[in-house]
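Peer 1: What follows is model.txt, compact mmCIF, C-alpha atoms.
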```txt
# COMPACT_ATOMS: atom_id res chain seq x y z
CA MET A 1 123.94 106.47 51.53
CA SER A 2 127.24 107.87 52.73
CA LYS A 3 127.56 109.98 55.87
CA GLU A 4 128.60 112.94 53.70
CA ALA A 5 125.67 112.53 51.34
CA GLY A 6 123.17 112.07 54.08
CA GLY A 7 124.55 114.80 56.28
CA TYR A 8 123.67 112.71 59.34
CA ASP A 9 125.87 110.99 61.89
CA ALA A 10 126.02 110.26 65.62
CA ALA A 11 126.49 113.95 66.36
CA HIS A 12 122.93 114.54 65.17
CA ILE A 13 121.42 112.10 67.67
CA GLN A 14 119.92 113.89 70.64
CA VAL A 15 119.29 111.88 73.80
CA LEU A 16 116.73 113.40 76.13
CA GLU A 17 116.45 112.19 79.69
CA GLY A 18 114.43 112.97 82.79
CA ARG A 19 112.23 116.03 82.98
CA GLU A 20 113.63 117.41 79.71
CA ALA A 21 112.35 114.36 77.83
CA VAL A 22 108.95 114.63 79.49
CA ARG A 23 108.53 118.32 78.69
CA ARG A 24 109.71 117.91 75.10
CA ARG A 25 107.32 115.00 74.35
CA PRO A 26 104.49 115.17 76.94
CA GLY A 27 102.08 113.14 74.81
CA MET A 28 104.33 110.10 75.12
CA TRP A 29 103.82 110.12 78.87
CA ILE A 30 100.26 111.29 79.46
CA GLY A 31 98.54 110.66 76.12
CA SER A 32 97.79 114.24 75.07
CA THR A 33 98.17 117.90 76.01
CA GLY A 34 94.40 118.41 76.11
CA GLU A 35 91.74 117.39 78.60
CA ARG A 36 92.73 113.73 78.42
CA GLY A 37 96.28 114.57 79.42
CA LEU A 38 95.10 116.78 82.28
CA ARG A 39 92.91 113.96 83.56
CA ASN A 40 95.85 111.57 83.45
CA LEU A 41 97.91 113.99 85.55
CA VAL A 42 95.30 113.71 88.30
CA PHE A 43 95.29 109.94 88.18
CA GLU A 44 99.08 109.62 88.16
CA VAL A 45 99.18 111.53 91.46
CA ALA A 46 96.09 109.84 92.89
CA ASP A 47 97.53 106.42 92.00
CA ARG A 48 100.21 106.76 94.66
CA ALA A 49 97.61 107.65 97.29
CA VAL A 50 95.30 104.81 96.24
CA ASN A 51 98.19 102.37 96.56
CA GLU A 52 98.54 103.50 100.18
CA VAL A 53 94.90 102.55 100.77
CA VAL A 54 95.26 99.19 99.00
CA ALA A 55 98.31 98.42 101.14
CA GLY A 56 96.32 99.19 104.29
CA ARG A 57 98.38 102.22 105.25
CA ALA A 58 95.65 104.79 104.53
CA SER A 59 91.86 104.89 104.50
CA ARG A 60 90.89 107.78 102.23
CA VAL A 61 91.95 109.99 99.33
CA ASP A 62 90.63 113.52 98.76
CA ILE A 63 90.96 115.34 95.43
CA THR A 64 90.15 119.04 95.08
CA LEU A 65 90.05 121.19 91.93
CA THR A 66 91.13 124.53 93.38
CA SER A 67 89.76 127.93 92.39
CA ASP A 68 93.13 129.00 90.93
CA GLY A 69 93.47 126.07 88.54
CA GLY A 70 95.41 123.71 90.76
CA VAL A 71 94.69 120.14 91.85
CA ARG A 72 95.11 119.00 95.45
CA VAL A 73 95.51 115.28 96.20
CA ALA A 74 95.68 114.30 99.87
CA ASP A 75 95.74 111.01 101.75
CA ASP A 76 95.81 110.05 105.43
CA GLY A 77 98.64 107.52 105.17
CA PRO A 78 101.90 107.58 107.17
CA GLY A 79 103.44 110.26 104.93
CA VAL A 80 106.11 109.81 102.27
CA PRO A 81 109.43 108.81 103.91
CA VAL A 82 111.97 111.61 103.97
CA GLY A 83 115.73 111.66 104.54
CA GLU A 84 117.07 112.85 107.85
CA ALA A 85 118.41 116.04 106.35
CA ASP A 86 117.76 116.44 102.65
CA GLY A 87 114.50 114.66 101.98
CA ASP A 88 115.79 112.06 99.52
CA GLY A 89 112.59 110.01 99.76
CA LEU A 90 110.28 112.83 98.70
CA GLU A 91 112.64 114.19 96.09
CA ALA A 92 113.02 110.71 94.59
CA LEU A 93 109.24 110.47 94.25
CA LEU A 94 109.02 113.83 92.50
CA THR A 95 112.18 113.88 90.39
CA ARG A 96 112.92 110.27 89.36
CA MET A 97 111.11 107.89 87.02
CA PRO A 98 109.69 104.97 89.06
CA ALA A 99 110.86 101.45 88.31
CA SER A 100 107.39 99.86 88.48
CA THR A 101 103.81 100.70 87.61
CA GLY A 102 100.98 101.27 90.03
CA LEU A 103 97.34 100.24 90.07
CA GLY A 104 95.42 102.99 88.41
CA GLY A 105 97.60 105.43 86.46
CA LEU A 106 97.98 105.73 82.72
CA GLY A 107 101.51 104.40 82.55
CA GLY A 108 102.70 104.14 86.14
CA VAL A 109 104.92 107.21 85.66
CA GLY A 110 103.52 108.83 88.78
CA PRO A 111 104.24 112.21 90.37
CA PHE A 112 107.59 112.55 88.58
CA VAL A 113 105.94 113.31 85.22
CA VAL A 114 103.23 115.43 86.85
CA ASN A 115 105.90 117.54 88.53
CA ALA A 116 107.79 117.99 85.24
CA LEU A 117 104.61 119.16 83.47
CA SER A 118 103.47 121.55 86.22
CA SER A 119 104.41 125.20 86.43
CA ARG A 120 104.35 124.77 90.18
CA LEU A 121 103.99 121.92 92.69
CA THR A 122 103.90 122.01 96.47
CA ALA A 123 104.44 118.95 98.63
CA GLU A 124 103.43 118.59 102.25
CA VAL A 125 104.37 115.56 104.33
CA ARG A 126 102.96 115.01 107.81
CA ARG A 127 104.98 112.27 109.43
CA GLU A 128 106.04 111.35 112.96
CA GLY A 129 104.53 114.52 114.42
CA VAL A 130 106.30 116.92 112.05
CA ARG A 131 104.91 118.84 109.06
CA ARG A 132 107.38 119.40 106.22
CA VAL A 133 106.89 121.33 102.98
CA GLN A 134 108.76 121.79 99.71
CA GLU A 135 108.17 123.80 96.51
CA TYR A 136 108.94 122.84 92.91
CA ALA A 137 108.78 124.69 89.58
CA ARG A 138 108.60 122.70 86.32
CA GLY A 139 110.10 119.65 87.99
CA VAL A 140 112.94 121.36 89.83
CA ALA A 141 113.04 121.93 93.60
CA VAL A 142 113.12 125.66 94.35
CA THR A 143 113.14 125.30 98.14
CA PRO A 144 114.65 122.72 100.46
CA LEU A 145 112.41 120.40 102.42
CA THR A 146 111.56 122.56 105.41
CA GLU A 147 109.97 121.84 108.77
CA ALA A 148 106.80 123.94 109.09
CA GLY A 149 105.68 123.10 112.60
CA PRO A 150 104.04 120.15 114.35
CA ALA A 151 101.57 117.82 112.67
CA THR A 152 98.47 116.58 114.45
CA ASP A 153 97.87 113.85 111.87
CA SER A 154 99.80 111.99 109.17
CA GLY A 155 99.61 111.90 105.40
CA THR A 156 100.85 113.39 102.14
CA THR A 157 99.37 116.29 100.18
CA LEU A 158 100.52 117.20 96.68
CA VAL A 159 99.14 120.31 94.96
CA PHE A 160 100.08 120.95 91.33
CA TRP A 161 99.26 123.56 88.71
CA PRO A 162 99.49 122.21 85.12
CA ASP A 163 101.88 124.27 83.03
CA PRO A 164 99.96 126.52 80.56
CA GLU A 165 102.99 126.33 78.26
CA ILE A 166 102.11 122.64 77.84
CA PHE A 167 98.33 122.51 78.20
CA GLY A 168 97.19 125.92 76.97
CA THR A 169 93.62 126.63 78.09
CA ALA A 170 92.47 123.00 78.53
CA GLU A 171 90.27 122.41 81.58
CA TYR A 172 89.19 119.46 83.68
CA SER A 173 85.73 117.95 83.33
CA PHE A 174 84.34 117.32 86.81
CA ASP A 175 81.87 114.74 85.48
CA ASP A 176 84.57 112.75 83.67
CA LEU A 177 86.81 112.73 86.73
CA ALA A 178 83.89 111.71 88.95
CA GLU A 179 83.03 108.80 86.65
CA GLU A 180 86.59 107.48 86.73
CA PHE A 181 86.98 107.87 90.49
CA ARG A 182 83.67 106.05 90.97
CA GLU A 183 85.05 103.15 88.95
CA LEU A 184 88.28 103.23 90.97
CA ALA A 185 86.26 102.96 94.19
CA PHE A 186 84.35 99.97 92.83
CA LEU A 187 87.63 98.22 92.05
CA ASN A 188 89.20 98.92 95.47
CA ARG A 189 86.60 98.06 98.07
CA GLY A 190 88.53 99.62 100.95
CA LEU A 191 88.87 102.97 99.18
CA ASP A 192 87.07 106.09 100.38
CA VAL A 193 87.58 108.82 97.77
CA SER A 194 86.11 112.31 97.44
CA LEU A 195 86.23 114.81 94.57
CA THR A 196 85.50 118.50 95.17
CA ASP A 197 85.28 121.27 92.57
CA ARG A 198 85.96 124.79 93.91
CA ARG A 199 86.21 126.48 90.51
CA ARG A 200 82.53 127.38 90.24
CA SER A 201 81.22 130.84 91.12
CA ALA A 202 77.96 129.18 92.24
CA GLY A 203 79.83 127.42 95.03
CA PRO A 204 81.70 124.12 95.39
CA ARG A 205 80.25 120.76 94.50
CA SER A 206 81.48 117.46 95.81
CA VAL A 207 80.98 113.72 95.44
CA ARG A 208 82.22 110.89 97.61
CA PHE A 209 82.56 107.24 96.67
CA ARG A 210 82.92 104.16 98.82
CA PHE A 211 81.66 100.72 97.85
CA PRO A 212 82.17 98.02 100.51
CA GLY A 213 80.64 95.46 98.13
CA GLY A 214 83.31 96.00 95.49
CA ALA A 215 82.47 94.15 92.27
CA ARG A 216 78.98 93.27 93.56
CA ASP A 217 78.20 96.95 93.97
CA PHE A 218 79.63 97.59 90.50
CA VAL A 219 77.24 95.09 88.89
CA ALA A 220 74.30 96.60 90.76
CA PHE A 221 75.33 100.06 89.54
CA LEU A 222 75.63 98.92 85.92
CA ASP A 223 72.12 97.44 86.13
CA GLU A 224 70.63 100.49 87.86
CA GLN A 225 68.82 101.80 84.78
CA GLU A 226 67.62 98.39 83.63
CA ALA A 227 64.29 96.66 84.19
CA ALA A 228 63.97 94.17 87.05
CA PRO A 229 66.71 91.52 86.75
CA VAL A 230 66.01 87.80 86.35
CA HIS A 231 67.20 87.29 89.95
CA PRO A 232 67.59 90.09 92.52
CA ASP A 233 70.83 89.06 94.19
CA VAL A 234 74.27 89.57 92.68
CA ILE A 235 76.41 86.44 92.68
CA GLY A 236 79.95 87.28 93.73
CA PHE A 237 83.12 86.06 95.36
CA GLU A 238 86.76 86.93 95.97
CA GLN A 239 89.44 84.26 95.94
CA GLU A 240 93.18 83.78 95.90
CA ASP A 241 94.77 81.16 93.67
CA PRO A 242 98.52 80.48 93.92
CA ARG A 243 98.48 78.79 90.50
CA MET A 244 98.11 82.19 88.87
CA ALA A 245 100.03 84.00 91.62
CA GLY A 246 97.21 86.37 92.39
CA THR A 247 93.65 87.01 93.42
CA MET A 248 90.36 87.35 91.58
CA GLU A 249 87.10 89.12 92.30
CA VAL A 250 84.03 88.23 90.25
CA ALA A 251 80.41 89.37 90.36
CA LEU A 252 77.56 88.61 87.95
CA ARG A 253 73.81 88.78 87.51
CA TRP A 254 71.40 87.99 84.68
CA ARG A 255 69.12 90.83 83.71
CA GLY A 256 66.54 90.91 80.92
CA PRO A 257 67.23 90.27 77.24
CA GLY A 258 70.18 92.03 75.66
CA GLU A 259 73.84 91.79 74.93
CA ALA A 260 76.39 90.73 77.52
CA ARG A 261 77.76 93.57 79.62
CA LEU A 262 81.20 92.40 80.76
CA ARG A 263 83.72 94.67 82.49
CA SER A 264 87.20 93.29 83.01
CA TYR A 265 90.31 94.58 84.78
CA ALA A 266 93.82 93.37 85.54
CA ASN A 267 95.80 95.09 88.30
CA GLY A 268 93.47 98.06 88.05
CA TRP A 269 93.86 98.37 84.25
CA ARG A 270 90.67 98.22 82.18
CA THR A 271 90.99 95.42 79.61
CA PRO A 272 88.35 96.29 76.99
CA ALA A 273 89.55 93.50 74.68
CA GLY A 274 89.14 90.94 77.46
CA GLY A 275 91.69 88.18 77.63
CA SER A 276 92.29 85.07 79.70
CA HIS A 277 90.31 86.24 82.76
CA VAL A 278 87.21 86.93 80.63
CA GLU A 279 87.59 83.61 78.81
CA GLY A 280 87.73 81.94 82.22
CA LEU A 281 84.54 83.70 83.28
CA ARG A 282 82.73 82.51 80.14
CA ASP A 283 84.08 78.95 80.57
CA GLY A 284 82.91 78.85 84.19
CA VAL A 285 79.42 80.17 83.43
CA ALA A 286 78.93 77.64 80.63
CA ALA A 287 80.24 74.71 82.68
CA ALA A 288 78.09 75.49 85.73
CA VAL A 289 74.84 76.14 83.89
CA ASN A 290 75.19 73.15 81.58
CA ALA A 291 76.01 70.78 84.45
CA TYR A 292 73.05 72.04 86.46
CA ALA A 293 70.69 71.86 83.48
CA ARG A 294 71.66 68.26 82.74
CA GLU A 295 71.35 67.22 86.37
CA ARG A 296 67.85 68.77 86.66
CA ARG A 297 66.92 67.51 83.18
CA PRO A 298 65.96 70.67 81.28
CA LEU A 299 68.72 69.43 78.98
CA THR A 300 68.54 65.81 77.89
CA ALA A 301 71.38 63.58 76.82
CA ALA A 302 70.43 64.26 73.22
CA ASP A 303 70.66 68.03 73.59
CA PRO A 304 73.93 69.81 72.83
CA ASP A 305 75.49 72.02 75.48
CA LEU A 306 74.37 75.63 75.73
CA GLY A 307 77.18 77.79 74.36
CA ALA A 308 78.93 80.50 76.35
CA ASP A 309 77.81 83.17 73.86
CA ARG A 310 74.19 82.21 74.40
CA LEU A 311 74.46 81.97 78.19
CA CYS A 312 76.14 85.36 78.43
CA GLU A 313 73.25 87.12 76.68
CA GLY A 314 71.69 89.45 79.22
CA LEU A 315 74.53 88.86 81.68
CA THR A 316 76.14 91.73 83.59
CA ALA A 317 79.52 90.74 85.03
CA VAL A 318 82.69 92.22 86.46
CA VAL A 319 85.91 90.23 86.66
CA LEU A 320 88.99 91.68 88.31
CA VAL A 321 92.33 89.96 88.76
CA ARG A 322 95.42 91.15 90.61
CA LEU A 323 98.51 89.29 89.51
CA GLU A 324 102.12 89.37 90.66
CA ARG A 325 103.28 89.20 87.03
CA PRO A 326 100.56 90.38 84.66
CA GLU A 327 101.21 89.70 80.97
CA PHE A 328 99.40 92.07 78.64
CA GLU A 329 99.06 91.61 74.90
CA GLY A 330 100.13 94.82 73.18
CA ALA A 331 101.48 98.12 74.49
CA THR A 332 98.01 99.47 75.29
CA ARG A 333 97.28 96.66 77.81
CA ASP A 334 93.83 96.11 76.34
CA ARG A 335 93.98 92.32 76.71
CA LEU A 336 95.33 90.03 79.43
CA GLY A 337 97.47 87.13 78.29
CA ASN A 338 98.25 85.12 81.46
CA VAL A 339 97.32 81.55 80.49
CA ALA A 340 96.86 80.35 84.08
CA ALA A 341 94.22 83.00 84.73
CA ARG A 342 91.77 81.31 82.35
CA ALA A 343 91.83 77.98 84.15
CA CYS A 344 91.80 79.51 87.63
CA VAL A 345 88.96 81.95 87.01
CA GLY A 346 87.02 79.32 85.10
CA GLN A 347 87.22 76.78 87.92
CA ALA A 348 86.30 79.32 90.58
CA VAL A 349 83.31 80.66 88.63
CA ARG A 350 82.10 77.13 87.92
CA GLU A 351 82.26 76.14 91.59
CA HIS A 352 80.71 79.31 93.05
CA LEU A 353 77.98 79.57 90.41
CA ARG A 354 77.10 75.88 90.74
CA THR A 355 76.73 76.33 94.51
CA TRP A 356 74.44 79.32 94.00
CA LEU A 357 72.28 77.43 91.49
CA GLU A 358 71.86 74.53 93.89
CA GLU A 359 71.06 76.76 96.89
CA HIS A 360 68.48 78.87 94.97
CA PRO A 361 66.44 76.42 92.85
CA ASP A 362 63.65 78.88 92.01
CA ARG A 363 66.08 81.53 90.79
CA ALA A 364 68.18 78.90 89.05
CA ALA A 365 65.11 77.71 87.18
CA ALA A 366 64.44 81.26 85.98
CA VAL A 367 68.02 81.57 84.68
CA VAL A 368 68.26 78.14 83.06
CA GLY A 369 64.70 78.21 81.73
CA ARG A 370 65.14 81.34 79.64
CA TYR A 371 67.87 79.64 77.64
CA VAL A 372 66.59 76.09 77.47
CA ARG A 373 63.14 77.16 76.26
CA THR A 374 64.62 78.82 73.19
CA HIS A 375 67.48 76.37 72.71
CA GLY A 376 67.62 74.59 69.40
```
What does this structure look like when you write it as structure tokens?

Peer 2:
Amino acid sequence: MSKEAGGYDAAHIQVLEGREAVRRRPGMWIGSTGERGLRNLVFEVADRAVNEVVAGRASRVDITLTSDGGVRVADDGPGVPVGEADGDGLEALLTRMPASTGLGGLGGVGPFVVNALSSRLTAEVRREGVRRVQEYARGVAVTPLTEAGPATDSGTTLVFWPDPEIFGTAEYSFDDLAEEFRELAFLNRGLDVSLTDRRRSAGPRSVRFRFPGGARDFVAFLDEQEAAPVHPDVIGFEQEDPRMAGTMEVALRWRGPGEARLRSYANGWRTPAGGSHVEGLRDGVAAAVNAYARERRPLTAADPDLGADRLCEGLTAVVLVRLERPEFEGATRDRLGNVAARACVGQAVREHLRTWLEEHPDRAAAVVGRYVRTHG
């Protein structure tokens, strides 16, 4: 088709950049302009604060749904760095797309996108004994970074009001936010996070999450509504492995009959389709239980190995890996593809589970016996 016939040439191509691109196509950045998108705004801001906790620079994150429709996210870290005069550090955070992704947000786009999609945003930085504040409107600074007196503590507080031009009348669900922040606290054992709702006429309600046991606490929570488990203690460990350039945290426990309940994460991302870290978990469970069963003779030389599918029936497990270079399969990051993670997780699970089986023969017999009795 000729240019004349088609009526289309380079002059018709419109390139959108920065806040203009975000405001024109918000769904590309936060998933939707409904409740899901609102929830992702909260997590994109909270992600930065959680990273401060993970790095050891902060100890807690507090999120408040304000009575006038805003969201306040505060941490007790050192405060966002600011320039000597013009606050380049803070303005970069709020007006430029980051080069890398964080641990918990939807796409790692952070406060920049939140600022662009908010009718108003206020930033407060408490750093080196000075409190500084700045105001934004739809992603543009409307005041300079200004000193507002001394600070008795340190930290960063961002308060934003989602733009009704973008989100209409959509509202946050306190219960949905609480569920996701609970999960975030399970995955980051040093995190102390609170969520407060001040929108209710009946008075505020608040929840606070902190789980020193990490993945172990997560497994116990997932089993909370179940009948008594096959063994009371949760088997768990945390380990670094340079072969996969990262760390792993694994916890598991066999409960009563039922399907496997496996939760997997990579760098804070839920991986519902599993991947190499889940395959490693299954490999390790099968190797440890089969080796123990053959050594103690519930399985004879003539018996085939118990399969991973069978051994994972009734198993509750959480596997979390943090990798320097995670490789996800597909744009949605539903499945981890790092080949080394399978071998590393598999070996670690095999070794730790085998040790537990040997140190707890009565409980090991209960686990192995339920599968061997019905095998074949």

Peer 1: Considering all atoms listed in the file, return as a ChimeraX atom specification whatever protein or nucleic-acid residues lie within 10 Å of Thr169 in chain A, sequence-local ones (same chain, fewer than 6 positions apart) excluded.

Peer 2: /A:34-35,163

Peer 1: Just the number, please: distance in Å from CA of Arg335 in chain A to CA of Ala273 in chain A, one decimal.

Peer 2: 5.0 Å

Peer 1: Please, which residues in range 53-73 of chain A fall within 6 Å of range 186-203 of chain A when counting all atoms listed in the file, and what is the closest atom pair and distance in Å to one decimal for each, ordered by chain then residue number, as JSON lines?

Peer 2:
```
{"residue": "A:Arg60", "atom": "CA", "partner": "A:Asp192", "partner_atom": "CA", "distance": 4.6}
{"residue": "A:Val61", "atom": "CA", "partner": "A:Val193", "partner_atom": "CA", "distance": 4.8}
{"residue": "A:Asp62", "atom": "CA", "partner": "A:Ser194", "partner_atom": "CA", "distance": 4.9}
{"residue": "A:Ile63", "atom": "CA", "partner": "A:Leu195", "partner_atom": "CA", "distance": 4.8}
{"residue": "A:Thr64", "atom": "CA", "partner": "A:Thr196", "partner_atom": "CA", "distance": 4.7}
{"residue": "A:Leu65", "atom": "CA", "partner": "A:Asp197", "partner_atom": "CA", "distance": 4.8}
{"residue": "A:Thr66", "atom": "CA", "partner": "A:Arg198", "partner_atom": "CA", "distance": 5.2}
{"residue": "A:Ser67", "atom": "CA", "partner": "A:Arg199", "partner_atom": "CA", "distance": 4.3}
```

Peer 1: Choose the residue, out of A:Val109, A:Leu184, A:Ala366, A:Val73, that has the smallest atom-to-atom separation from Arg19 in chain A; count all atoms listed in the file.

Peer 2: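 Closest candidate: A:Val109.
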
Peer 1: Can you work out which one of A:Glu313, A:Glu279, A:Glu147, A:Glu259 has the shortest atom-to-atom distance to Val339 in chain A, counting all atoms listed in the file?

Peer 2: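 Smallest separation from Val339 in chain A among the options: A:Glu279.
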
Peer 1: Could you jot down the CA of Gly275 in chain A to CA of Glu324 in chain A separation for me, Å, one decimal place?

Peer 2: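 Interatomic distance, CA of Gly275 in chain A to CA of Glu324 in chain A: 16.7 Å.
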
Peer 1: Kindly indicate which residue among A:Gly27, A:Gly258, A:Gly246, A:Pro81 lies nearest to Arg310 in chain A, using all atoms listed in the file for the distances.

Peer 2: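 Going through A:Gly27, A:Gly258, A:Gly246, A:Pro81 one by one, the smallest distance to Arg310 in chain A is for A:Gly258.
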
Peer 1: Please write out, as JSON, where the centre of an axis-aligned box around all listed atoms of range 146-153 of chain A lies and how long its edges are, in Å to one decimal, after adding 6 Å on each side.

Peer 2:
```
{"center_x": 104.7, "center_y": 118.9, "center_z": 109.9, "size_x": 25.7, "size_y": 22.1, "size_z": 21.0}
```

Peer 1: In the coordinates of the file, take the point (96.9, 116.4, 93.9) and a cut-off of 9 Å; then, counting all atoms listed in the file, name each qualifying protein, DNA or RNA residue as a PyMOL selection string.

Peer 2: chain A and resi 41-43+45-46+62-65+70-74+157-160

Peer 1: Could you pull the residues within 10 Å of Pro326 in chain A, counting only C-alpha atoms, minus those fewer than 6 positions along the same chain, as a PyMOL selection string?

Peer 2: chain A and resi 244-246+266-267+333+336-338+341

Peer 1: What would range 21-29 of chain A look like if you wrote it out as a PDB file, in the first residue's frame, with all heavy atoms included, from the block I just posted?

Peer 2:
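That gives us result-v8.pdb:
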```
ATOM      1  N   ALA A  21       3.165   9.402  28.973  1.00  0.00           N
ATOM      2  CA  ALA A  21       2.908   8.028  28.555  1.00  0.00           C
ATOM      3  C   ALA A  21       2.152   7.262  29.637  1.00  0.00           C
ATOM      4  O   ALA A  21       1.245   6.480  29.346  1.00  0.00           O
ATOM      5  CB  ALA A  21       4.223   7.323  28.241  1.00  0.00           C
ATOM      6  N   VAL A  22       2.519   7.488  30.878  1.00  0.00           N
ATOM      7  CA  VAL A  22       1.866   6.796  31.991  1.00  0.00           C
ATOM      8  C   VAL A  22       0.398   7.205  32.098  1.00  0.00           C
ATOM      9  O   VAL A  22      -0.492   6.365  32.250  1.00  0.00           O
ATOM     10  CB  VAL A  22       2.610   7.074  33.314  1.00  0.00           C
ATOM     11  CG1 VAL A  22       1.845   6.489  34.492  1.00  0.00           C
ATOM     12  CG2 VAL A  22       4.018   6.510  33.263  1.00  0.00           C
ATOM     13  N   ARG A  23       0.136   8.486  32.007  1.00  0.00           N
ATOM     14  CA  ARG A  23      -1.240   8.970  32.148  1.00  0.00           C
ATOM     15  C   ARG A  23      -2.107   8.593  30.946  1.00  0.00           C
ATOM     16  O   ARG A  23      -3.306   8.382  31.087  1.00  0.00           O
ATOM     17  CB  ARG A  23      -1.250  10.485  32.357  1.00  0.00           C
ATOM     18  CG  ARG A  23      -0.684  10.894  33.710  1.00  0.00           C
ATOM     19  CD  ARG A  23      -0.829  12.389  33.963  1.00  0.00           C
ATOM     20  NE  ARG A  23      -2.228  12.821  33.975  1.00  0.00           N
ATOM     21  CZ  ARG A  23      -3.036  12.706  35.017  1.00  0.00           C
ATOM     22  NH1 ARG A  23      -2.603  12.154  36.140  1.00  0.00           N
ATOM     23  NH2 ARG A  23      -4.288  13.136  34.956  1.00  0.00           N
ATOM     24  N   ARG A  24      -1.514   8.486  29.778  1.00  0.00           N
ATOM     25  CA  ARG A  24      -2.292   8.123  28.594  1.00  0.00           C
ATOM     26  C   ARG A  24      -2.658   6.635  28.595  1.00  0.00           C
ATOM     27  O   ARG A  24      -3.740   6.256  28.145  1.00  0.00           O
ATOM     28  CB  ARG A  24      -1.483   8.457  27.331  1.00  0.00           C
ATOM     29  CG  ARG A  24      -2.202   8.204  26.025  1.00  0.00           C
ATOM     30  CD  ARG A  24      -3.333   9.181  25.791  1.00  0.00           C
ATOM     31  NE  ARG A  24      -2.820  10.524  25.593  1.00  0.00           N
ATOM     32  CZ  ARG A  24      -2.447  11.024  24.412  1.00  0.00           C
ATOM     33  NH1 ARG A  24      -2.554  10.278  23.320  1.00  0.00           N
ATOM     34  NH2 ARG A  24      -1.999  12.258  24.312  1.00  0.00           N
ATOM     35  N   ARG A  25      -1.752   5.780  29.096  1.00  0.00           N
ATOM     36  CA  ARG A  25      -1.980   4.330  29.103  1.00  0.00           C
ATOM     37  C   ARG A  25      -1.692   3.761  30.493  1.00  0.00           C
ATOM     38  O   ARG A  25      -0.778   2.964  30.674  1.00  0.00           O
ATOM     39  CB  ARG A  25      -1.075   3.651  28.070  1.00  0.00           C
ATOM     40  CG  ARG A  25      -1.303   4.086  26.636  1.00  0.00           C
ATOM     41  CD  ARG A  25      -2.590   3.484  26.069  1.00  0.00           C
ATOM     42  NE  ARG A  25      -2.727   3.794  24.641  1.00  0.00           N
ATOM     43  CZ  ARG A  25      -3.354   4.836  24.179  1.00  0.00           C
ATOM     44  NH1 ARG A  25      -3.903   5.716  25.013  1.00  0.00           N
ATOM     45  NH2 ARG A  25      -3.444   5.044  22.868  1.00  0.00           N
ATOM     46  N   PRO A  26      -2.456   4.126  31.521  1.00  0.00           N
ATOM     47  CA  PRO A  26      -2.156   3.684  32.882  1.00  0.00           C
ATOM     48  C   PRO A  26      -2.198   2.173  33.062  1.00  0.00           C
ATOM     49  O   PRO A  26      -1.440   1.608  33.850  1.00  0.00           O
ATOM     50  CB  PRO A  26      -3.221   4.377  33.734  1.00  0.00           C
ATOM     51  CG  PRO A  26      -4.324   4.725  32.787  1.00  0.00           C
ATOM     52  CD  PRO A  26      -3.656   5.002  31.487  1.00  0.00           C
ATOM     53  N   GLY A  27      -3.076   1.498  32.316  1.00  0.00           N
ATOM     54  CA  GLY A  27      -3.182   0.050  32.464  1.00  0.00           C
ATOM     55  C   GLY A  27      -1.907  -0.687  32.109  1.00  0.00           C
ATOM     56  O   GLY A  27      -1.645  -1.782  32.623  1.00  0.00           O
ATOM     57  N   MET A  28      -1.085  -0.114  31.242  1.00  0.00           N
ATOM     58  CA  MET A  28       0.173  -0.743  30.878  1.00  0.00           C
ATOM     59  C   MET A  28       1.146  -0.783  32.058  1.00  0.00           C
ATOM     60  O   MET A  28       2.044  -1.623  32.103  1.00  0.00           O
ATOM     61  CB  MET A  28       0.822   0.010  29.704  1.00  0.00           C
ATOM     62  CG  MET A  28       0.083  -0.092  28.387  1.00  0.00           C
ATOM     63  SD  MET A  28       0.911   0.853  27.087  1.00  0.00           S
ATOM     64  CE  MET A  28       2.534   0.053  27.058  1.00  0.00           C
ATOM     65  N   TRP A  29       0.956   0.125  32.993  1.00  0.00           N
ATOM     66  CA  TRP A  29       1.919   0.265  34.090  1.00  0.00           C
ATOM     67  C   TRP A  29       1.421  -0.331  35.395  1.00  0.00           C
ATOM     68  O   TRP A  29       2.228  -0.821  36.201  1.00  0.00           O
ATOM     69  CB  TRP A  29       2.241   1.753  34.293  1.00  0.00           C
ATOM     70  CG  TRP A  29       2.688   2.421  33.037  1.00  0.00           C
ATOM     71  CD1 TRP A  29       1.916   3.078  32.120  1.00  0.00           C
ATOM     72  CD2 TRP A  29       4.016   2.453  32.513  1.00  0.00           C
ATOM     73  NE1 TRP A  29       2.671   3.528  31.074  1.00  0.00           N
ATOM     74  CE2 TRP A  29       3.978   3.163  31.293  1.00  0.00           C
ATOM     75  CE3 TRP A  29       5.245   1.971  32.974  1.00  0.00           C
ATOM     76  CZ2 TRP A  29       5.098   3.380  30.528  1.00  0.00           C
ATOM     77  CZ3 TRP A  29       6.378   2.190  32.208  1.00  0.00           C
ATOM     78  CH2 TRP A  29       6.297   2.895  30.996  1.00  0.00           C
TER      79      TRP A  29
END
```
